[in-house]
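Text of structure37.pdb (PDB, C-alpha atoms, pLDDT in the B column) as supplied:
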```
ATOM      1  CA  MET A   1      96.851  87.515 161.922  1.00 49.00           C
ATOM      2  CA  VAL A   2      93.835  89.250 160.410  1.00 62.00           C
ATOM      3  CA  ALA A   3      90.800  86.997 160.027  1.00 77.00           C
ATOM      4  CA  LEU A   4      90.263  86.139 156.384  1.00 93.00           C
ATOM      5  CA  ASP A   5      86.931  84.334 156.699  1.00 94.00           C
ATOM      6  CA  GLU A   6      85.002  87.479 155.784  1.00 95.00           C
ATOM      7  CA  ARG A   7      86.104  90.544 153.848  1.00 97.00           C
ATOM      8  CA  HIS A   8      84.276  93.554 152.500  1.00 96.00           C
ATOM      9  CA  THR A   9      84.788  95.695 149.440  1.00 97.00           C
ATOM     10  CA  PRO A  10      82.649  98.698 148.524  1.00 97.00           C
ATOM     11  CA  ARG A  11      80.099  96.505 146.711  1.00 98.00           C
ATOM     12  CA  LEU A  12      80.826  92.930 147.799  1.00 98.00           C
ATOM     13  CA  THR A  13      80.824  90.778 150.892  1.00 98.00           C
ATOM     14  CA  LEU A  14      83.377  87.994 150.538  1.00 98.00           C
ATOM     15  CA  TYR A  15      83.218  85.041 152.860  1.00 96.00           C
ATOM     16  CA  ARG A  16      84.912  81.714 153.306  1.00 97.00           C
ATOM     17  CA  MET A  17      83.146  78.983 151.360  1.00 96.00           C
ATOM     18  CA  SER A  18      81.225  76.309 153.202  1.00 96.00           C
ATOM     19  CA  ALA A  19      79.303  73.175 152.278  1.00 95.00           C
ATOM     20  CA  ASN A  20      76.146  75.339 152.340  1.00 96.00           C
ATOM     21  CA  ASP A  21      77.363  77.100 149.186  1.00 97.00           C
ATOM     22  CA  LEU A  22      77.033  74.029 146.975  1.00 97.00           C
ATOM     23  CA  ASP A  23      73.744  75.096 145.352  1.00 97.00           C
ATOM     24  CA  ASP A  24      75.046  78.535 144.336  1.00 98.00           C
ATOM     25  CA  LEU A  25      78.290  77.071 143.016  1.00 98.00           C
ATOM     26  CA  THR A  26      76.445  74.330 141.132  1.00 98.00           C
ATOM     27  CA  ARG A  27      74.255  76.945 139.447  1.00 97.00           C
ATOM     28  CA  MET A  28      77.391  78.868 138.452  1.00 97.00           C
ATOM     29  CA  HIS A  29      79.223  75.765 137.253  1.00 97.00           C
ATOM     30  CA  LEU A  30      76.258  74.767 135.066  1.00 97.00           C
ATOM     31  CA  ASP A  31      76.152  78.149 133.291  1.00 97.00           C
ATOM     32  CA  PRO A  32      77.799  77.720 129.870  1.00 96.00           C
ATOM     33  CA  ARG A  33      78.671  81.440 129.649  1.00 96.00           C
ATOM     34  CA  VAL A  34      80.614  81.334 132.928  1.00 95.00           C
ATOM     35  CA  MET A  35      82.287  78.012 132.314  1.00 95.00           C
ATOM     36  CA  ALA A  36      83.296  78.707 128.693  1.00 92.00           C
ATOM     37  CA  THR A  37      86.710  79.882 129.953  1.00 89.00           C
ATOM     38  CA  LEU A  38      86.931  77.713 133.077  1.00 89.00           C
ATOM     39  CA  GLY A  39      87.227  74.231 131.634  1.00 87.00           C
ATOM     40  CA  GLY A  40      83.616  73.522 130.695  1.00 91.00           C
ATOM     41  CA  LEU A  41      80.457  72.709 132.611  1.00 95.00           C
ATOM     42  CA  ARG A  42      80.742  70.886 135.934  1.00 97.00           C
ATOM     43  CA  SER A  43      78.092  68.475 137.137  1.00 96.00           C
ATOM     44  CA  PRO A  44      76.767  68.749 140.695  1.00 97.00           C
ATOM     45  CA  GLU A  45      79.012  65.820 141.670  1.00 97.00           C
ATOM     46  CA  VAL A  46      82.114  67.436 140.155  1.00 97.00           C
ATOM     47  CA  THR A  47      81.180  70.752 141.793  1.00 97.00           C
ATOM     48  CA  ARG A  48      80.880  69.007 145.164  1.00 97.00           C
ATOM     49  CA  ALA A  49      84.399  67.564 144.732  1.00 97.00           C
ATOM     50  CA  TRP A  50      85.669  70.993 143.590  1.00 97.00           C
ATOM     51  CA  LEU A  51      84.125  72.626 146.681  1.00 98.00           C
ATOM     52  CA  ASN A  52      85.591  69.965 148.980  1.00 98.00           C
ATOM     53  CA  ASN A  53      89.050  70.605 147.487  1.00 97.00           C
ATOM     54  CA  HIS A  54      88.695  74.328 148.160  1.00 97.00           C
ATOM     55  CA  LEU A  55      87.421  73.741 151.702  1.00 97.00           C
ATOM     56  CA  GLU A  56      90.498  71.591 152.294  1.00 97.00           C
ATOM     57  CA  HIS A  57      92.692  74.375 150.856  1.00 97.00           C
ATOM     58  CA  TRP A  58      91.246  76.762 153.476  1.00 96.00           C
ATOM     59  CA  ARG A  59      91.884  74.218 156.225  1.00 95.00           C
ATOM     60  CA  ILE A  60      95.509  73.670 155.215  1.00 96.00           C
ATOM     61  CA  TYR A  61      96.597  77.193 154.276  1.00 96.00           C
ATOM     62  CA  GLY A  62      94.232  79.508 156.161  1.00 95.00           C
ATOM     63  CA  TYR A  63      93.133  81.298 152.987  1.00 96.00           C
ATOM     64  CA  GLY A  64      91.385  80.408 149.757  1.00 97.00           C
ATOM     65  CA  LEU A  65      88.536  81.352 147.493  1.00 97.00           C
ATOM     66  CA  TRP A  66      85.649  83.364 148.895  1.00 98.00           C
ATOM     67  CA  LEU A  67      82.046  83.353 147.830  1.00 98.00           C
ATOM     68  CA  ALA A  68      81.037  86.834 146.704  1.00 98.00           C
ATOM     69  CA  ARG A  69      77.662  88.329 147.468  1.00 98.00           C
ATOM     70  CA  GLU A  70      76.388  91.719 146.479  1.00 97.00           C
ATOM     71  CA  ARG A  71      76.671  93.825 149.621  1.00 96.00           C
ATOM     72  CA  GLU A  72      73.347  95.642 149.281  1.00 96.00           C
ATOM     73  CA  THR A  73      71.177  92.634 148.451  1.00 97.00           C
ATOM     74  CA  GLY A  74      73.111  89.577 149.636  1.00 97.00           C
ATOM     75  CA  ILE A  75      72.583  87.980 146.234  1.00 98.00           C
ATOM     76  CA  PHE A  76      75.208  85.439 145.139  1.00 98.00           C
ATOM     77  CA  ALA A  77      77.409  87.101 142.515  1.00 98.00           C
ATOM     78  CA  GLY A  78      80.442  84.847 142.122  1.00 98.00           C
ATOM     79  CA  ARG A  79      83.609  83.543 143.685  1.00 98.00           C
ATOM     80  CA  GLY A  80      87.269  84.385 143.842  1.00 98.00           C
ATOM     81  CA  GLY A  81      90.325  84.941 145.981  1.00 98.00           C
ATOM     82  CA  LEU A  82      93.689  83.288 146.460  1.00 98.00           C
ATOM     83  CA  HIS A  83      94.666  79.684 145.947  1.00 96.00           C
ATOM     84  CA  ARG A  84      97.693  77.555 145.207  1.00 97.00           C
ATOM     85  CA  VAL A  85      98.079  76.198 141.713  1.00 96.00           C
ATOM     86  CA  GLU A  86     100.841  74.643 139.638  1.00 95.00           C
ATOM     87  CA  ILE A  87     101.328  76.445 136.350  1.00 92.00           C
ATOM     88  CA  GLY A  88     104.303  76.491 134.033  1.00 83.00           C
ATOM     89  CA  GLY A  89     106.025  73.894 136.232  1.00 89.00           C
ATOM     90  CA  ARG A  90     105.966  76.167 139.312  1.00 93.00           C
ATOM     91  CA  GLU A  91     103.755  76.325 142.351  1.00 96.00           C
ATOM     92  CA  GLU A  92     102.138  79.759 142.423  1.00 98.00           C
ATOM     93  CA  ILE A  93      99.498  81.638 144.376  1.00 98.00           C
ATOM     94  CA  GLU A  94      96.795  82.694 141.942  1.00 98.00           C
ATOM     95  CA  VAL A  95      94.235  85.439 142.202  1.00 98.00           C
ATOM     96  CA  GLY A  96      91.133  83.888 140.706  1.00 97.00           C
ATOM     97  CA  TYR A  97      87.696  85.377 140.060  1.00 97.00           C
ATOM     98  CA  SER A  98      84.500  84.361 138.343  1.00 97.00           C
ATOM     99  CA  PHE A  99      81.088  86.025 138.326  1.00 98.00           C
ATOM    100  CA  LEU A 100      77.627  85.189 137.064  1.00 98.00           C
ATOM    101  CA  PRO A 101      76.839  86.957 133.758  1.00 97.00           C
ATOM    102  CA  GLU A 102      74.373  89.388 135.323  1.00 97.00           C
ATOM    103  CA  PHE A 103      77.302  90.836 137.289  1.00 97.00           C
ATOM    104  CA  TRP A 104      79.702  91.173 134.341  1.00 96.00           C
ATOM    105  CA  GLY A 105      80.878  94.590 133.191  1.00 95.00           C
ATOM    106  CA  ARG A 106      80.429  96.294 136.579  1.00 97.00           C
ATOM    107  CA  GLY A 107      84.040  96.211 137.790  1.00 97.00           C
ATOM    108  CA  LEU A 108      83.336  93.615 140.483  1.00 98.00           C
ATOM    109  CA  ALA A 109      86.110  91.279 139.317  1.00 98.00           C
ATOM    110  CA  VAL A 110      88.624  94.126 139.634  1.00 98.00           C
ATOM    111  CA  GLU A 111      87.244  94.913 143.100  1.00 98.00           C
ATOM    112  CA  LEU A 112      87.628  91.285 144.193  1.00 98.00           C
ATOM    113  CA  ALA A 113      91.096  91.037 142.623  1.00 98.00           C
ATOM    114  CA  ARG A 114      92.252  94.165 144.464  1.00 97.00           C
ATOM    115  CA  GLU A 115      91.025  92.797 147.789  1.00 97.00           C
ATOM    116  CA  SER A 116      92.881  89.563 147.035  1.00 98.00           C
ATOM    117  CA  ILE A 117      96.020  91.607 146.335  1.00 97.00           C
ATOM    118  CA  ARG A 118      95.623  93.460 149.656  1.00 96.00           C
ATOM    119  CA  VAL A 119      95.351  90.163 151.515  1.00 97.00           C
ATOM    120  CA  ALA A 120      98.271  88.607 149.621  1.00 97.00           C
ATOM    121  CA  PHE A 121     100.659  91.470 150.312  1.00 97.00           C
ATOM    122  CA  THR A 122      99.539  93.024 153.611  1.00 95.00           C
ATOM    123  CA  VAL A 123      98.247  89.975 155.486  1.00 95.00           C
ATOM    124  CA  LEU A 124     100.004  86.941 154.002  1.00 96.00           C
ATOM    125  CA  ASN A 125     103.161  88.897 153.138  1.00 96.00           C
ATOM    126  CA  LEU A 126     103.590  87.033 149.842  1.00 97.00           C
ATOM    127  CA  PRO A 127     106.393  88.194 147.542  1.00 97.00           C
ATOM    128  CA  ASP A 128     104.310  87.816 144.369  1.00 97.00           C
ATOM    129  CA  ILE A 129     101.058  86.455 142.965  1.00 98.00           C
ATOM    130  CA  VAL A 130      99.814  85.487 139.518  1.00 98.00           C
ATOM    131  CA  CYS A 131      96.700  85.560 137.376  1.00 97.00           C
ATOM    132  CA  PHE A 132      96.177  83.576 134.206  1.00 97.00           C
ATOM    133  CA  THR A 133      93.507  82.947 131.637  1.00 96.00           C
ATOM    134  CA  LEU A 134      92.986  81.467 128.206  1.00 95.00           C
ATOM    135  CA  THR A 135      94.720  83.506 125.519  1.00 95.00           C
ATOM    136  CA  THR A 136      91.284  84.305 124.047  1.00 94.00           C
ATOM    137  CA  ASN A 137      89.767  85.717 127.270  1.00 95.00           C
ATOM    138  CA  ARG A 138      90.333  89.445 126.731  1.00 95.00           C
ATOM    139  CA  ALA A 139      87.860  90.486 129.438  1.00 95.00           C
ATOM    140  CA  SER A 140      89.822  88.616 132.095  1.00 96.00           C
ATOM    141  CA  GLU A 141      93.081  90.094 130.813  1.00 97.00           C
ATOM    142  CA  ARG A 142      91.595  93.590 131.229  1.00 97.00           C
ATOM    143  CA  VAL A 143      90.727  92.754 134.841  1.00 97.00           C
ATOM    144  CA  MET A 144      94.322  91.655 135.453  1.00 97.00           C
ATOM    145  CA  GLN A 145      95.700  94.844 133.922  1.00 97.00           C
ATOM    146  CA  LYS A 146      93.312  97.106 135.867  1.00 97.00           C
ATOM    147  CA  ALA A 147      94.284  95.326 139.082  1.00 97.00           C
ATOM    148  CA  GLY A 148      97.964  96.078 138.400  1.00 96.00           C
ATOM    149  CA  PHE A 149      99.258  92.746 137.089  1.00 97.00           C
ATOM    150  CA  ARG A 150     101.907  92.719 134.353  1.00 97.00           C
ATOM    151  CA  ARG A 151     101.972  90.264 131.492  1.00 97.00           C
ATOM    152  CA  GLU A 152     104.754  87.727 131.901  1.00 96.00           C
ATOM    153  CA  GLY A 153     104.150  85.436 128.934  1.00 96.00           C
ATOM    154  CA  GLU A 154     102.242  82.408 127.758  1.00 96.00           C
ATOM    155  CA  VAL A 155     102.032  79.015 129.467  1.00 96.00           C
ATOM    156  CA  ILE A 156     100.193  75.759 128.935  1.00 94.00           C
ATOM    157  CA  TYR A 157      97.657  74.909 131.637  1.00 93.00           C
ATOM    158  CA  LYS A 158      95.477  71.811 131.388  1.00 90.00           C
ATOM    159  CA  ASP A 159      96.745  71.330 127.832  1.00 91.00           C
ATOM    160  CA  LEU A 160      95.507  74.762 126.679  1.00 92.00           C
ATOM    161  CA  PRO A 161      97.397  78.003 125.971  1.00 95.00           C
ATOM    162  CA  HIS A 162      97.049  80.622 128.691  1.00 96.00           C
ATOM    163  CA  VAL A 163      98.488  84.059 129.252  1.00 97.00           C
ATOM    164  CA  LEU A 164     100.242  84.531 132.599  1.00 97.00           C
ATOM    165  CA  TYR A 165     100.332  87.815 134.520  1.00 98.00           C
ATOM    166  CA  ARG A 166     102.324  88.486 137.686  1.00 98.00           C
ATOM    167  CA  LEU A 167     102.308  91.151 140.383  1.00 98.00           C
ATOM    168  CA  ARG A 168     105.244  91.514 142.755  1.00 97.00           C
ATOM    169  CA  ARG A 169     104.788  93.152 146.138  1.00 94.00           C
ATOM    170  CA  ALA A 170     107.896  95.269 145.552  1.00 90.00           C
ATOM    171  CA  ASP A 171     106.442  96.575 142.271  1.00 85.00           C
ATOM    172  CA  SER A 172     103.114  97.504 143.845  1.00 74.00           C
ATOM    173  CA  GLU A 173     104.239  99.093 147.115  1.00 66.00           C
ATOM    174  CA  GLY A 174     103.902 102.591 145.660  1.00 55.00           C
ATOM    175  CA  GLU A 175     100.311 101.868 144.682  1.00 52.00           C
ATOM    176  CA  SER A 176      98.810 102.331 148.129  1.00 43.00           C
ATOM    177  CA  GLU A 177      95.240 102.144 146.857  1.00 44.00           C
ATOM    178  CA  THR A 178      95.915  98.696 145.434  1.00 41.00           C
ATOM    179  CA  ILE A 179      97.411  97.117 148.548  1.00 43.00           C
ATOM    180  CA  ARG A 180      96.159  99.202 151.471  1.00 43.00           C
ATOM    181  CA  GLU A 181      94.286  97.153 154.045  1.00 42.00           C
ATOM    182  CA  ALA A 182      90.568  97.847 153.673  1.00 42.00           C
ATOM    183  CA  PRO A 183      88.754  98.551 156.937  1.00 39.00           C
ATOM    184  CA  LEU A 184      85.876  96.320 157.897  1.00 36.00           C
ATOM    185  CA  PRO A 185      82.530  98.102 158.186  1.00 37.00           C
TER     186      PRO A 185
END
```
Before we go any further, please render this structure as structure tokens.
Amino acid sequence: MVALDERHTPRLTLYRMSANDLDDLTRMHLDPRVMATLGGLRSPEVTRAWLNNHLEHWRIYGYGLWLARERETGIFAGRGGLHRVEIGGREEIEVGYSFLPEFWGRGLAVELARESIRVAFTVLNLPDIVCFTLTTNRASERVMQKAGFRREGEVIYKDLPHVLYRLRRADSEGESETIREAPLP
């Protein structure tokens, strides 16, 4: 199996989260602009528990969310990747992504989502994956659409209305750019 601890996209280095990432994640989770669509601000204690849950996810499943750093500078940009979630009464594998505001509007979320898709379909051999966001988060919906996801409908998640998108491996196999395994530098 291909190592998933570190991945590279044209502009990002993605690496498996560790306890050393708590400060960067805390800064992100205390930014009201970032957290406006992710359930609200998270205290350092809540962020520590969140990080521990995601570290455990990596341990159990061998994949999870990566921390994203700008490739040229090494500056912390955000987080994202694949993780298990229950939504709409089903267990799903979600492609998630979140970036600090100074990195918004540069296509980095699409880049991270496409790498997550490559891993999901070419490494993990998953049949399908989902993305979802609040019904009011148009920017995130655009990311999903650009990455190739198709709108499936609306669902309730954490007592709030969300829009659910899905991508099936069979539907994306003709889109070689979307799922082709990216070489490591």
>> Using all atoms listed in the file, can you tell me which of A:Ala68, A:Arg118, A:Arg138, A:Ile87 comes closest to A:Phe103?
In response: A:Ala68
>> Can you translate the PyMOL selection byres ((chain A and resi 33-48) around 12) into the concrete residues it hits in this file, as a ChimeraX atom specification?
In response: /A:17-32,49-55,77-79,96-104,132-140,157-162
Output C-alpha atoms for every residue in that selection, as a CSV table (one decimal), in the coordinates of the input.
```csv
chain,number,residue,atom,x,y,z
A,17,MET,CA,83.1,79.0,151.4
A,18,SER,CA,81.2,76.3,153.2
A,19,ALA,CA,79.3,73.2,152.3
A,20,ASN,CA,76.1,75.3,152.3
A,21,ASP,CA,77.4,77.1,149.2
A,22,LEU,CA,77.0,74.0,147.0
A,23,ASP,CA,73.7,75.1,145.4
A,24,ASP,CA,75.0,78.5,144.3
A,25,LEU,CA,78.3,77.1,143.0
A,26,THR,CA,76.4,74.3,141.1
A,27,ARG,CA,74.3,76.9,139.4
A,28,MET,CA,77.4,78.9,138.5
A,29,HIS,CA,79.2,75.8,137.3
A,30,LEU,CA,76.3,74.8,135.1
A,31,ASP,CA,76.2,78.1,133.3
A,32,PRO,CA,77.8,77.7,129.9
A,49,ALA,CA,84.4,67.6,144.7
A,50,TRP,CA,85.7,71.0,143.6
A,51,LEU,CA,84.1,72.6,146.7
A,52,ASN,CA,85.6,70.0,149.0
A,53,ASN,CA,89.0,70.6,147.5
A,54,HIS,CA,88.7,74.3,148.2
A,55,LEU,CA,87.4,73.7,151.7
A,77,ALA,CA,77.4,87.1,142.5
A,78,GLY,CA,80.4,84.8,142.1
A,79,ARG,CA,83.6,83.5,143.7
A,96,GLY,CA,91.1,83.9,140.7
A,97,TYR,CA,87.7,85.4,140.1
A,98,SER,CA,84.5,84.4,138.3
A,99,PHE,CA,81.1,86.0,138.3
A,100,LEU,CA,77.6,85.2,137.1
A,101,PRO,CA,76.8,87.0,133.8
A,102,GLU,CA,74.4,89.4,135.3
A,103,PHE,CA,77.3,90.8,137.3
A,104,TRP,CA,79.7,91.2,134.3
A,132,PHE,CA,96.2,83.6,134.2
A,133,THR,CA,93.5,82.9,131.6
A,134,LEU,CA,93.0,81.5,128.2
A,135,THR,CA,94.7,83.5,125.5
A,136,THR,CA,91.3,84.3,124.0
A,137,ASN,CA,89.8,85.7,127.3
A,138,ARG,CA,90.3,89.4,126.7
A,139,ALA,CA,87.9,90.5,129.4
A,140,SER,CA,89.8,88.6,132.1
A,157,TYR,CA,97.7,74.9,131.6
A,158,LYS,CA,95.5,71.8,131.4
A,159,ASP,CA,96.7,71.3,127.8
A,160,LEU,CA,95.5,74.8,126.7
A,161,PRO,CA,97.4,78.0,126.0
A,162,HIS,CA,97.0,80.6,128.7
```
>> Would you pick out the contacts of A:Ile117 at 10 Å or less, using all atoms listed in the file, so that residues sharing its chain but fewer than 5 positions from it are not included, and give the list as a PyMOL selection string?
In response: chain A and resi 81-82+94-95+111-112+122-124+126+128-130+147-149+167-169+172+178-181
> Hey, which of A:Leu4, A:Ile75, A:Arg84, A:Arg69 ends up closest to A:Glu56? Count only C-alpha atoms.
Replying inline: A:Arg84
>> Given the PyMOL selection byres ((chain A and resi 11) around 10) and the file above, list the residues it selects as a PyMOL selection string.
In response: chain A and resi 8-10+12-14+68-73+107-108+111-112
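Atom to atom, atom CA of A:Val85 and atom CA of A:Val155 stand 13.2 Å apart.
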> Interatomic distance between atom CA of A:Leu67 and atom CA of A:Ala113?
Replying inline: 13.0 Å
> So how far away is atom CA of A:Glu86 from atom CA of A:Arg59, in Å?
Replying inline: 18.9 Å
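You can rank A:Cys131, A:Ile60, A:Ile156, A:Ala170 by their closest distance to A:Gly89 using all atoms listed in the file, and at the top of that list sits A:Ile156.
With all atoms listed in the file as the atoms that count, the residue of A:Gly88, A:Arg114, A:Ala109, A:Asn125 with the shortest distance to A:Gly153 is A:Gly88.
Across A:Arg90, A:Arg106, A:Arg150, A:His83, the tightest approach to A:Leu164 is made by A:Arg150 when counting all atoms listed in the file.
Distances to A:Arg16 were evaluated for A:Trp66, A:His57, A:Ala3, A:Glu152 using only C-alpha atoms, and the minimum falls at A:Trp66.
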